[in-house]
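See structure below.
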Amino acid sequence: MLLAVAAVTGLLMPRPQFVEARLGFADATAPVTVVHYAIVEAPTEVADESYALDVSATGVTITASTERGERYARVTLEQLKKLSGGRVPCCRIADWPRLRWRGFMNDCGKNFLPMEGLYAILDVMARYKMNLFHWHLTDYQGWRLESKKFPQLQRPDTFTRQVGKYYTQEDFKAIVAYAKERGITVMPELDVPGHTLAFRKAMGLESMEDPRVGRIVTELFEELCSLADAETMPFIHLGTDEARLASEKYDRSWPDLWARAVNACGRKAVVWAPGIRLAKDCDAVEMAWFDAYVTNAVSPVIDASRMYHASWDPFDVLSHVAFTRPCRWTETRAPVLGAVTCCWHDDNIGDDTMKRFRECMIMPSIVGFAENYWTGHVEDRLEFIKRLPSPGTPAFAAVEALERRMIAQRELIKRFRPDLPFPFVGQTRMRWRVSDAETGKILATDVPQATVWAYNERAKQNALIAEPCGGVVFETWIKSPDDRTVGCWIDCVKVHGEYGRDGVERMPKRGEWSAEGAEVRVNGEPIPPPEWKQPGLAAKEKIDVLERDVPYMNDLLETPLVDELFALRAPTPTRFRKGWNHVMIRLPKKSRRLRASTGMTFCPIEGTSEHPREVSDFEYSAVPPAYGRDCRDGK
């Protein structure tokens with residue numbers, strides 16, 4: 001019985017700071033007693049969010065010093081009920097967050113997200129104890145918040161994507177109120193003086209140096225502050241990074257002017273860092289998007305670096321959550337307030353903007369980083385970001401445990417919000433052998449993941465080799481208990497959801513897995529690629545960041561992805577025989593001119609790409625099974 005209780009409490013996310021499993025289960029209807037009293041174990045700076053949960057066979061006692069702590073206790077209690085099928089495992093939990101502010105950012109400036117999407121994000125954030133929603137509302141492509149002082153900002157001709165799509169002031173107030181009910185603070189961002197094409201078009205400005213800009217932007221921030229009281233909305237984000245185009249030159253005194261206007265409304269001004277540094281007398285917070293910046297910071301800091309999940313595929317989420325330690329700087333003069341994981345989507349998502357949930361791993365990232373920010377990590381391990389630790393090591397055991405918790409939460413989310421894709425599948429049972437296609441030299445074996453990166457432009461993100469000579473061969477052996485056809489996620493191109501096709505010279509034509517001629521075979525038989533809906537797309541030009549009003553990397557960013565990401569298309573039907581099956585993927589060497597990393601994905605799944613599950617009865621091996629040379633034919 002104690003083992004059963006521990007099995008349930010071990011699946012909680014975020015993982016509590018202290019859990020003591022006891023014998024037995026309480027009924028779901030057991031009475032709940034609330035005691036408002038400080039939790040002595042909790043650090044002082046987060047004591048108001050701490051709680052203790054004591055479950056016995058006769059009832060539940062929640063101890064918390066504030067309503068905020070009580071809220072989190074009830075979140076944990078509800079999760080325990082769902083994980084155990086309605087009963088509540090007897091236990092004692094003492095819990096508090098590692099970081100004060102635990103956030104998620106959504107870019108609605110480049111691509112509009114309907115209200116239903118925002119409500120869904122807030123619902124899931126609340127269930128995983130995130131408390132800061134960073135709402136990026138303006139960018140080159142549109143000014144997405146209604147202004148009654150300057151209604152020309154909503155003129156259709158100022159938008160370059162999702163024309164005319166913006167949030168009314170009533171919409172904004174509704175989101176703030178909805179978030180507040182769930183213990184979440186909204187931090188809105190009007191991004192200036194960079195990222196301002198839509199703003200300049202609306203206001204008839206040739207450049208941000210126009211003397212009217214200082215006053216107009218000040219009034220916009222004052223109008224924004226009028227939409228919620230200072231206690232409800234204490235942060236106003238000014239943007240201030242990447243003002244690098246000729247049209248974005250500005251008067252250096254204006255950012256301080258805007259910050260002081262925000263301060264006069266009782267709010268802290270937040271700026272991106274690196275970006276424009278504010279005067280020391282401004283009440284400001286710096287939000288780090290660059291890894292090494294915070295050691296030089298003076299103002300309080302929120303960390304957002306290395307947590308841009310839009311650029312990962314579904315199998316990258318696990319390693320980033322497991323081995324990215326936010327607020328990891330040890331030498332800094334500035335207090336660290338918290339961390340935010342960011343959903344940027346630089347390329348055009350098209351009219352179906354809810355597709356962002358399939359392109360950007362929103363749900364797995366919220367669930368995973370909620371634990372990261374609440375519970376915390378001792379180590380920051382960049383070497384495991386692209387290649388998981390070796391099986392049998394303590395680091396790998398920790399990844400397996402995290403994966404089990406993520407899978408359990410996936411199933412809870414599926415019941416809670418079946419409309420929300422949760423593209424996360426267990427991969428740690430998989431095993432790959434990787435060799436040089438030209439020499440046959442074994443480069444790695446027993447690689448335990450579904451997306452394997454052969455080489456990578458960032459040496460610290462430890463892929464297998466720096467520059468393979470003649471391409472790479474990936475092999476695995478999969479044992480099936482019977483003859484069956486299984487859907488597989490397969491990818492040889494490695495497009496992702498941010499700067500989608502940047503770094504890919506040409507998309508595959510019909511009949512190709514990649515423009516370089518990648519092969520995918522199972523038991524020696526070729527697996528045909530999808531019937532691509534946009535075959536052979538190639539960039540017409542590379543665009544200099546300083547030559548255009550919108551600094552795209554290439555012109556393909558305005559062509560929405562359709563089926564280029566494996567999670568956007570139906571799994572590929574693949575026939576497996578009873579017994580051992582040999583899977584081989586060959587990636588020819590990519591052009592030296594490309595900056596992108598090279599890797600492949602192969603993973604058998606059940607269900608759909610929106611709601612995938614593991615094939616639980618498959619076995620995996622990175623070496624040919626010991627039944628003779630015919631193993632490559634699956635015999």
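Going through the structure tokens in order, the chains are called A, B, and so on, while each chain numbers its residues from 1 and the ligands are numbered from 1 in the order shown.
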Residues flagged alpha helix (DSSP H) by DSSP in segment 8-153 of chain A, as a ChimeraX atom specification: /A:8-9,67-83,115-127
Spatial neighbours of Ala288 of chain A, 7 Å, only C-alpha atoms, chain gap at least 4 places, as a ChimeraX atom specification: /A:272-274,293-294,301-305
Output C-alpha atoms of each residue in that selection to a file, as a PDB file, in the first residue's frame.
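Listing of again27.pdb after writing:
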ATOM      1  CA  TRP A 272      14.661  43.282 -22.505  1.00  0.00           C
ATOM      2  CA  ALA A 273      18.333  42.712 -21.767  1.00  0.00           C
ATOM      3  CA  PRO A 274      20.476  43.135 -23.751  1.00  0.00           C
ATOM      4  CA  TYR A 293      23.911  39.173 -19.646  1.00  0.00           C
ATOM      5  CA  VAL A 294      22.683  39.063 -16.063  1.00  0.00           C
ATOM      6  CA  VAL A 301      16.218  40.363 -13.249  1.00  0.00           C
ATOM      7  CA  ILE A 302      13.774  37.908 -14.821  1.00  0.00           C
ATOM      8  CA  ASP A 303      15.465  35.140 -16.799  1.00  0.00           C
ATOM      9  CA  ALA A 304      14.105  34.247 -20.258  1.00  0.00           C
ATOM     10  CA  SER A 305      17.282  33.011 -21.944  1.00  0.00           C
TER      11      SER A 305
END
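Neighbouring residues of segment 571-583 of chain A at 6 Å or closer, counting only C-alpha atoms and skipping chain neighbours under 5 positions away, are Glu475, Thr476, Trp477, Ile478, Lys479, Ser480, Pro481, Asp482, Asp483, Arg484, Thr485, Val486, Gly487, Cys488, Trp489, Arg521, Val522, Asn523, Arg632 and Gly634 of chain A.
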Between segment 17-49 of chain A and segment 100-106 of chain A, at 9 Å or less, what are the per-residue closest atom pairs and their distances in Å? Count only C-alpha atoms, order by chain and rising residue number, and return it as a tab-separated table.
residue	atom	partner	partner_atom	distance
A:Glu45	CA	A:Arg100	CA	7.6
A:Val46	CA	A:Arg100	CA	6.3
A:Glu49	CA	A:Arg100	CA	8.7
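Residues in contact with segment 442-449 of chain A at up to 6 Å, not including ones fewer than 6 positions away on its chain and judged by only C-alpha atoms, are Gln427, Thr428, Met430, Arg431, Trp432, Arg433, Val434, Ser435 and Ala622 of chain A.
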Among listed residues A:Ala198, A:Ala310, A:Ile605, A:Leu587, nearest His496 of chain A (using only C-alpha atoms): A:Ala310
